[in-house]
Each structure stands twice: as structure tokens, then as C-alpha cells.
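As provided, entry_35.txt (compact mmCIF, C-alpha atoms) reads as follows.
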```
# COMPACT_ATOMS: atom_id res chain seq x y z
CA MET A 852 -30.31 14.54 -20.73
CA LEU A 853 -26.89 12.84 -20.92
CA GLU A 854 -25.18 16.08 -21.89
CA GLN A 855 -26.88 17.85 -18.98
CA VAL A 856 -25.81 15.18 -16.49
CA VAL A 857 -22.22 15.26 -17.76
CA GLY A 858 -22.16 19.05 -17.59
CA ILE A 859 -23.35 18.97 -13.98
CA LEU A 860 -20.98 16.26 -12.74
CA PHE A 861 -17.86 17.33 -14.66
CA PRO A 862 -16.89 20.25 -12.35
CA VAL A 863 -17.27 18.00 -9.29
CA PHE A 864 -15.20 15.11 -10.62
CA ALA A 865 -12.69 17.49 -12.23
CA LEU A 866 -11.80 18.93 -8.81
CA VAL A 867 -11.74 15.44 -7.29
CA THR A 868 -9.31 14.40 -10.05
CA VAL A 869 -7.11 17.40 -9.33
CA GLY A 870 -7.13 16.41 -5.66
CA PHE A 871 -6.13 12.85 -6.61
CA CYS A 872 -3.21 14.15 -8.70
CA VAL A 873 -2.10 16.46 -5.90
CA GLY A 874 -2.24 13.62 -3.40
CA LYS A 875 -0.47 11.23 -5.75
CA TRP A 876 2.48 13.41 -6.74
CA LEU A 877 2.82 16.15 -4.15
CA LYS A 878 1.70 13.97 -1.21
CA PRO A 879 0.65 16.87 1.04
CA ASP A 880 -0.64 16.28 4.54
CA PHE A 881 -4.35 17.07 4.24
CA GLN A 882 -5.03 16.59 7.94
CA PRO A 883 -4.30 20.21 8.95
CA ILE A 884 -5.99 21.42 5.75
CA ASN A 885 -9.13 19.44 6.62
CA ARG A 886 -9.00 20.79 10.17
CA ILE A 887 -8.87 24.36 8.88
CA ASN A 888 -11.71 23.62 6.48
CA MET A 889 -13.93 22.03 9.15
CA ASP A 890 -13.16 24.67 11.78
CA THR A 891 -13.04 27.81 9.58
CA PHE A 892 -14.27 27.61 5.99
CA THR A 893 -17.24 25.30 6.56
CA PRO A 894 -18.59 27.18 9.62
CA ALA A 895 -18.35 30.39 7.57
CA LEU A 896 -20.33 28.71 4.78
CA VAL A 897 -22.93 27.49 7.26
CA PHE A 898 -23.26 30.92 8.88
CA SER A 899 -23.47 32.93 5.66
CA SER A 900 -26.05 30.52 4.20
CA LEU A 901 -28.30 30.11 7.23
CA VAL A 902 -28.28 33.69 8.46
CA LEU A 903 -30.28 34.91 5.45
CA MET A 904 -32.22 31.71 4.80
CA PRO A 905 -36.01 32.06 5.19
CA LEU A 906 -36.80 29.95 8.26
CA ASP A 907 -40.44 29.30 8.89
CA THR A 908 -42.93 26.46 8.85
CA GLU A 909 -42.21 26.00 5.14
CA GLN A 910 -38.87 24.41 6.10
CA ALA A 911 -40.54 21.78 8.32
CA PRO A 912 -41.03 19.23 5.51
CA LEU A 913 -37.37 19.47 4.46
CA LEU A 914 -36.21 19.11 8.06
CA SER A 915 -38.46 16.08 8.50
CA ALA A 916 -37.12 14.57 5.28
CA SER A 917 -33.53 15.11 6.42
CA PHE A 918 -34.17 13.28 9.70
CA VAL A 919 -35.76 10.38 7.83
CA ALA A 920 -32.83 10.25 5.38
CA VAL A 921 -30.28 10.08 8.22
CA LEU A 922 -32.00 7.97 10.88
CA LEU A 923 -34.09 5.44 8.92
CA PRO A 924 -31.07 3.72 7.26
CA GLY A 925 -29.60 3.20 10.73
CA LEU A 926 -32.79 1.53 11.90
CA ILE A 927 -32.84 -0.68 8.80
CA MET A 928 -29.24 -1.75 9.51
CA ILE A 929 -30.16 -3.16 12.95
CA PRO A 930 -31.85 -6.34 11.59
CA LEU A 931 -29.45 -6.51 8.61
CA CYS A 932 -26.43 -6.54 10.91
CA LYS A 933 -27.99 -9.13 13.20
CA LEU A 934 -28.84 -11.45 10.30
CA SER A 935 -25.46 -11.09 8.60
CA GLY A 936 -23.29 -10.97 11.72
CA LEU A 937 -21.83 -7.56 10.85
CA SER A 938 -20.79 -5.01 13.46
CA PHE A 939 -23.55 -2.42 13.79
CA LYS A 940 -21.14 0.25 15.06
CA ALA A 941 -18.93 -0.20 12.00
CA TRP A 942 -21.54 -0.71 9.29
CA ALA A 943 -24.49 1.52 10.31
CA PRO A 944 -22.83 4.98 10.41
CA PRO A 945 -21.72 4.94 6.72
CA HIS A 946 -25.37 4.38 5.76
CA MET A 947 -26.59 7.16 8.02
CA PHE A 948 -23.98 9.85 7.56
CA ARG A 949 -23.32 10.41 3.91
CA ASN A 950 -21.10 12.78 1.98
CA SER A 951 -23.47 15.71 2.48
CA GLY A 952 -20.66 18.27 2.60
CA ASN A 953 -17.82 17.97 0.13
CA LEU A 954 -19.88 16.14 -2.49
CA ALA A 955 -23.52 17.11 -1.94
CA ILE A 956 -23.15 20.89 -1.62
CA PRO A 957 -21.29 21.40 -4.92
CA LEU A 958 -23.44 18.75 -6.60
CA PHE A 959 -26.65 20.49 -5.57
CA THR A 960 -25.43 23.96 -6.56
CA TYR A 961 -24.08 22.81 -9.92
CA THR A 962 -27.31 20.90 -10.60
CA PHE A 963 -29.99 23.27 -9.34
CA GLY A 964 -28.19 26.63 -9.12
CA ASP A 965 -27.54 28.97 -6.22
CA SER A 966 -31.20 28.75 -5.19
CA ALA A 967 -30.48 25.26 -3.84
CA LEU A 968 -27.49 26.31 -1.71
CA ALA A 969 -29.46 27.21 1.41
CA SER A 970 -31.37 23.91 1.36
CA ALA A 971 -28.13 22.00 0.69
CA VAL A 972 -26.44 23.66 3.66
CA LEU A 973 -29.48 22.97 5.85
CA LEU A 974 -29.30 19.27 4.95
CA PHE A 975 -25.58 19.28 5.70
CA VAL A 976 -26.08 20.99 9.06
CA VAL A 977 -28.76 18.49 10.11
CA SER A 978 -26.57 15.55 9.10
CA ALA A 979 -23.48 17.00 10.80
CA CYS A 980 -25.33 17.77 14.04
CA ILE A 981 -26.82 14.28 14.22
CA HIS A 982 -23.39 12.81 13.43
CA ILE A 983 -21.64 14.63 16.26
CA SER A 984 -24.45 13.80 18.70
CA ILE A 985 -26.24 10.52 18.00
CA GLY A 986 -23.33 9.28 15.88
CA LEU A 987 -20.81 9.82 18.66
CA ALA A 988 -23.23 8.34 21.18
CA LEU A 989 -23.38 5.15 19.09
CA LEU A 990 -19.61 4.82 19.07
CA SER A 991 -18.65 6.04 22.54
CA GLU A 992 -19.78 5.37 26.06
CA GLY A 993 -19.71 8.97 27.31
CA ASN A 994 -22.02 11.91 26.83
CA PRO A 995 -21.00 13.75 23.63
CA PHE A 996 -22.69 17.02 24.67
CA LYS A 997 -19.42 18.67 25.69
CA LYS A 998 -17.92 17.85 22.27
CA ILE A 999 -20.96 19.16 20.42
CA ILE A 1000 -21.00 22.63 21.98
CA LYS A 1001 -17.31 23.07 21.09
CA MET A 1002 -17.75 22.26 17.39
CA PRO A 1003 -17.34 25.43 15.24
CA ILE A 1004 -20.00 24.16 12.80
CA PHE A 1005 -22.50 23.83 15.64
CA LEU A 1006 -21.63 27.26 17.06
CA ALA A 1007 -21.90 28.88 13.61
CA ALA A 1008 -25.29 27.25 13.05
CA ILE A 1009 -26.60 28.39 16.45
CA ALA A 1010 -25.36 31.96 15.90
CA ALA A 1011 -26.97 32.11 12.46
CA LEU A 1012 -30.27 30.72 13.73
CA VAL A 1013 -30.37 33.18 16.65
CA ILE A 1014 -29.75 36.13 14.31
CA ASN A 1015 -32.18 34.82 11.70
CA LEU A 1016 -35.06 33.90 13.99
CA GLY A 1017 -34.49 36.96 16.20
CA GLY A 1018 -34.94 39.28 13.25
CA PHE A 1019 -31.50 40.85 13.70
CA SER A 1020 -29.50 42.22 10.81
CA VAL A 1021 -25.88 41.38 10.09
CA TRP A 1022 -23.40 44.16 9.31
CA ALA A 1023 -22.95 43.91 5.54
CA PRO A 1024 -19.11 43.87 5.53
CA LEU A 1025 -19.15 41.10 8.15
CA TYR A 1026 -21.55 39.06 6.06
CA GLU A 1027 -19.43 39.57 2.94
CA ALA A 1028 -16.33 38.45 4.86
CA THR A 1029 -17.96 35.22 6.07
CA ALA A 1030 -19.46 34.56 2.65
CA LEU A 1031 -16.03 35.03 1.02
CA LEU A 1032 -14.43 32.69 3.58
CA GLY A 1033 -17.16 30.13 3.05
CA GLN A 1034 -16.55 30.03 -0.70
CA ALA A 1035 -13.26 28.23 -0.01
CA ALA A 1036 -15.01 25.32 1.72
CA VAL A 1037 -16.37 23.45 -1.30
CA PRO A 1038 -13.18 23.40 -3.46
CA VAL A 1039 -11.10 22.30 -0.46
CA MET A 1040 -13.65 19.56 0.30
CA LEU A 1041 -13.41 18.19 -3.25
CA LEU A 1042 -9.60 18.35 -3.34
CA SER A 1043 -9.40 16.50 -0.03
CA LEU A 1044 -11.81 13.84 -1.24
CA GLY A 1045 -9.69 13.31 -4.35
CA ALA A 1046 -6.52 13.01 -2.27
CA GLN A 1047 -8.19 10.34 -0.14
CA MET A 1048 -8.71 8.26 -3.28
CA CYS A 1049 -4.95 7.62 -3.34
CA HIS A 1050 -5.43 5.21 -0.44
CA LEU A 1051 -7.72 2.80 -2.31
CA ARG A 1052 -6.64 -0.84 -1.90
CA LEU A 1053 -8.09 -3.79 -3.84
CA SER A 1054 -8.17 -5.84 -0.63
CA GLY A 1055 -11.09 -3.68 0.53
CA LEU A 1056 -13.07 -3.99 -2.71
CA LYS A 1057 -15.49 -6.62 -1.37
CA VAL A 1058 -16.32 -4.60 1.73
CA GLY A 1059 -16.66 -1.40 -0.30
CA LEU A 1060 -18.93 -3.00 -2.89
CA LEU A 1061 -21.17 -4.60 -0.25
CA CYS A 1062 -21.48 -1.32 1.63
CA THR A 1063 -22.32 0.54 -1.59
CA LEU A 1064 -25.09 -1.89 -2.48
CA GLN A 1065 -26.49 -1.80 1.06
CA SER A 1066 -26.26 1.98 1.06
CA LEU A 1067 -28.27 2.25 -2.14
CA LEU A 1068 -30.88 -0.11 -0.67
CA THR A 1069 -31.28 1.74 2.64
CA GLY A 1070 -31.21 5.08 0.85
CA ALA A 1071 -33.87 3.99 -1.63
CA ILE A 1072 -36.14 2.88 1.23
CA ALA A 1073 -35.63 6.23 2.96
CA PHE A 1074 -36.44 8.11 -0.24
CA ALA A 1075 -39.58 6.01 -0.78
CA VAL A 1076 -40.82 6.97 2.70
CA ILE A 1077 -40.04 10.64 2.01
CA TYR A 1078 -41.72 10.50 -1.41
CA TRP A 1079 -44.94 8.98 -0.12
CA PHE A 1080 -45.33 10.64 3.27
CA ILE A 1081 -43.56 14.05 3.23
CA PRO A 1082 -44.86 16.77 0.88
CA LEU A 1083 -41.87 18.46 -0.74
CA PRO A 1084 -41.65 20.83 -3.70
CA THR A 1085 -40.11 19.34 -6.83
CA LEU A 1086 -36.69 20.93 -6.31
CA GLN A 1087 -36.28 19.58 -2.78
CA LEU A 1088 -37.66 16.19 -3.80
CA GLN A 1089 -35.02 16.01 -6.53
CA MET A 1090 -32.38 16.92 -3.96
CA MET A 1091 -33.55 14.14 -1.64
CA VAL A 1092 -33.04 11.54 -4.39
CA LEU A 1093 -29.35 12.37 -4.27
CA PHE A 1094 -29.13 13.08 -0.54
CA THR A 1095 -30.55 9.70 0.50
CA MET A 1096 -28.15 7.72 -1.69
CA LEU A 1097 -24.89 9.63 -1.43
CA PRO A 1098 -21.69 7.71 -0.61
CA PRO A 1099 -20.41 7.68 3.02
CA ALA A 1100 -18.81 10.75 4.58
CA VAL A 1101 -15.07 10.70 5.28
CA MET A 1102 -15.81 11.58 8.91
CA ASN A 1103 -17.08 8.00 9.39
CA TYR A 1104 -13.51 6.79 8.99
CA LEU A 1105 -12.13 9.47 11.32
CA PHE A 1106 -14.53 8.41 14.08
CA ALA A 1107 -13.94 4.70 13.45
CA GLU A 1108 -10.19 5.24 13.74
CA ARG A 1109 -10.56 7.30 16.90
CA PHE A 1110 -12.71 4.68 18.66
CA ASN A 1111 -10.92 1.70 17.03
CA ILE A 1112 -14.07 0.25 15.45
CA GLU A 1113 -12.83 -1.74 12.44
CA PRO A 1114 -11.14 1.34 10.90
CA ALA A 1115 -9.70 -0.59 7.93
CA LYS A 1116 -13.15 -1.81 6.88
CA VAL A 1117 -14.74 1.59 7.39
CA ALA A 1118 -11.98 3.16 5.28
CA SER A 1119 -12.81 0.73 2.46
CA MET A 1120 -16.51 1.59 2.75
CA VAL A 1121 -15.79 5.31 2.52
CA LEU A 1122 -13.19 5.26 -0.24
CA PHE A 1123 -14.81 2.67 -2.52
CA GLY A 1124 -18.26 4.15 -1.85
CA ASN A 1125 -17.07 7.52 -3.12
CA PHE A 1126 -15.23 5.86 -6.00
CA PHE A 1127 -18.33 3.97 -7.12
CA SER A 1128 -20.27 7.25 -7.07
CA ILE A 1129 -18.72 7.84 -10.49
CA LEU A 1130 -21.17 5.18 -11.68
CA THR A 1131 -24.12 5.75 -9.34
CA LEU A 1132 -24.40 9.54 -9.37
CA PRO A 1133 -25.12 9.89 -13.11
CA LEU A 1134 -27.95 7.35 -12.75
CA LEU A 1135 -29.36 9.02 -9.65
CA LEU A 1136 -29.02 12.46 -11.21
CA GLY A 1137 -30.82 11.33 -14.33
CA PHE A 1138 -33.65 9.93 -12.20
CA ALA A 1139 -33.85 13.09 -10.10
CA LEU A 1140 -34.08 15.37 -13.13
CA SER A 1141 -36.87 13.21 -14.54
CA LEU A 1142 -39.16 13.87 -11.56
```
Would you mind giving the structure from this file in C-alpha cells?
Amino acid sequence: MLEQVVGILFPVFALVTVGFCVGKWLKPDFQPINRINMDTFTPALVFSSLVLMPLDTEQAPLLSASFVAVLLPGLIMIPLCKLSGLSFKAWAPPHMFRNSGNLAIPLFTYTFGDSALASAVLLFVVSACIHISIGLALLSEGNPFKKIIKMPIFLAAIAALVINLGGFSVWAPLYEATALLGQAAVPVMLLSLGAQMCHLRLSGLKVGLLCTLQSLLTGAIAFAVIYWFIPLPTLQLQMMVLFTMLPPAVMNYLFAERFNIEPAKVASMVLFGNFFSILTLPLLLGFALSL
């Protein structure tokens, strides 16, 4: 089991390490790279995965589980924030919106094979759509609808769903082009995550550790609800073990910085949460494979 876990996680952490080295010594500006990834590579990955994905009532349990995994931790954080005096706007999003893109997608594919890619992308799309709708609504006063319909990820998902559910076929060379473009998304995600690790500061260790422990707690509660009340096949149940307890997504920091909601603390939550995943992911992966 240990050898299997190491073999699964090594490619992920190897690319993160390369990203850390690149960020440490070359010091590139990853902001435009991330923008290209989020607006080009990732939408291509979403489109090429969803357009051929079987979409029927069999996907309803996974969709239900994804909503529980994203929304329930936010509800749990309401009383926790009130009791502890923490800012809900700063502390709830990292528990709701986890690293379902640059960590989860490669982790799921390396663990369960290409057969898990479509489900992994579906989980990522659900999380991303909730993040740019409900997540933005939590942080801002305005209606985020105009922002949502301009997001390339959202547009790619809508186009793929229309083609898929409408029974239309995609020109094979066009599909191959989008699939090829989408293959760049995951490596770029991991390199960017590694480069972000260069900004770790010990002053944020306490905040990062507390957020990690809270995140595991809220994620474990969400998984328990999914396990007992939503019938999932073994493969998807194993995926939900990891999905519910992933570290926070980097986008939480980007939104916190944009709306000036304790960005320094949110940065510590994101960076240390992903750093501590070196310890938590092997344990979670071992548990998932034992189901």
C-alpha cells in the first residue's frame, strides 16, 4: 500500500517541486501564465472532457455529492466563526473552495487512471462555477452574474453541455485540438502551485495550521454525509474522500486580495494548507484506497 501511495503522489509533488525551484531561482511572473492557463488551457480541458462525458441520471449522485462537499463546510463555518470571532468572509471560502483543479485533477488521474478524468473535471467545474457565483456573492455586494457569463471556463462548460446533451457531434480535428490544448493545463497548474510555495512565511504558520485542521474537520463531516446519504460507486466514493479534504484553492487568495478581505491571512491558509498536504494526502489516499 505504501509503495502504491508513493507511486501515485510522486508525479504530483515532483512537478510541484520543479515549480518551487523555478520560482526560487528564475523568479518568473506567473500571473500572466496563470491567466493564460485559466482562460485557455483549462477551458479546453473542461470542453474536451465534458463534451464526450456520458451525462444522464447516473451523474446525479456525483453532482449531489459535489454540492454537499462545497456548500456544507461553508454552513458549518457559520457557527464556528461566530463562536471563535473569526471573519466568515475570510475563513469560510478556503473550506468551501478547495484545490480541485491543479491538485485534484492530476491526483485523481494518477490514482484511478484516465477513467476518472471526466468525473474529476465535473467536480472541478461544479466547484469553479459555485466559486464564481456564490463565492463572489459572499465577498462582494453586487450581482456576479455579469462576471460569470464572461468566464471562459463557464462558457466552455456551457458549450460542451449543449453539444453533449443535444446529441451533436464534434468535428474530430477540432476535438483533438482542444484535447491537446487541455493537456497543458495540469502541468502548468502544478508548476504554478510550486512557485507559490516560495512565498511561505513562518509568521502565518499558526493561521495556516488552524485552517488546515478546520478544513479536515469540515471536509470529514461533508464526506460522512455523502457516505451515508448519497449512493456512489466505489471509484467516485474514493474520489470524494480526497475531494472533501483537499487544501484550499489559490483563487481564494486572489479574491481575498481583490476585495481586501484579510488577504495576508488567506494567503497563509492557502500556502500552508497546500504545504501540509504533503502529510495529509498520503493518509487520505491510503484511506480512500482501502474502501
**Study point:** Selected residue, from A:Val1039, A:Ala916, A:Ala1011, A:Cys1062, that lies nearest to Tyr1026 (chain A) when counting all atoms listed in the file
**Key:** A:Ala1011
Practice item. Find the spatial neighbours of Leu901 (chain A), counting only C-alpha atoms, within a cut-off of 7 Å - ignore same-chain residues fewer than 3 positions away - and output them as a list in words. Key: Val897, Phe898, Met904, Ala969, Ala1011 and Leu1012 of chain A
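In this structure, CA of Ala971 (chain A) sits 26.9 Å away from CA of Leu1060 (chain A).
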Exercise for review: Find the residues near Gly952 (chain A): any atom within 10 Å, counting all atoms listed in the file, skip ones fewer than 4 places away on the same chain, and give them as a list in words.
Suggested key: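 Final neighbour list, sorted by chain and number: Thr893, Ile956, Pro957, Leu958, Ala971, Val972, Leu974, Phe975, Val976, Ser978, Ala979, Ala1036, Val1037, Met1040, Leu1041, Ala1100 and Val1101 of chain A.
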Practice item. Give the answer as one residue: which of A:Thr1029, A:Ser970, A:Ser899, A:Ser1043 has the shortest atom-to-atom distance to Lys875 (chain A), using all atoms listed in the file? Key: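 Of A:Thr1029, A:Ser970, A:Ser899, A:Ser1043, the one nearest Lys875 (chain A) is A:Ser1043, counting all atoms listed in the file.
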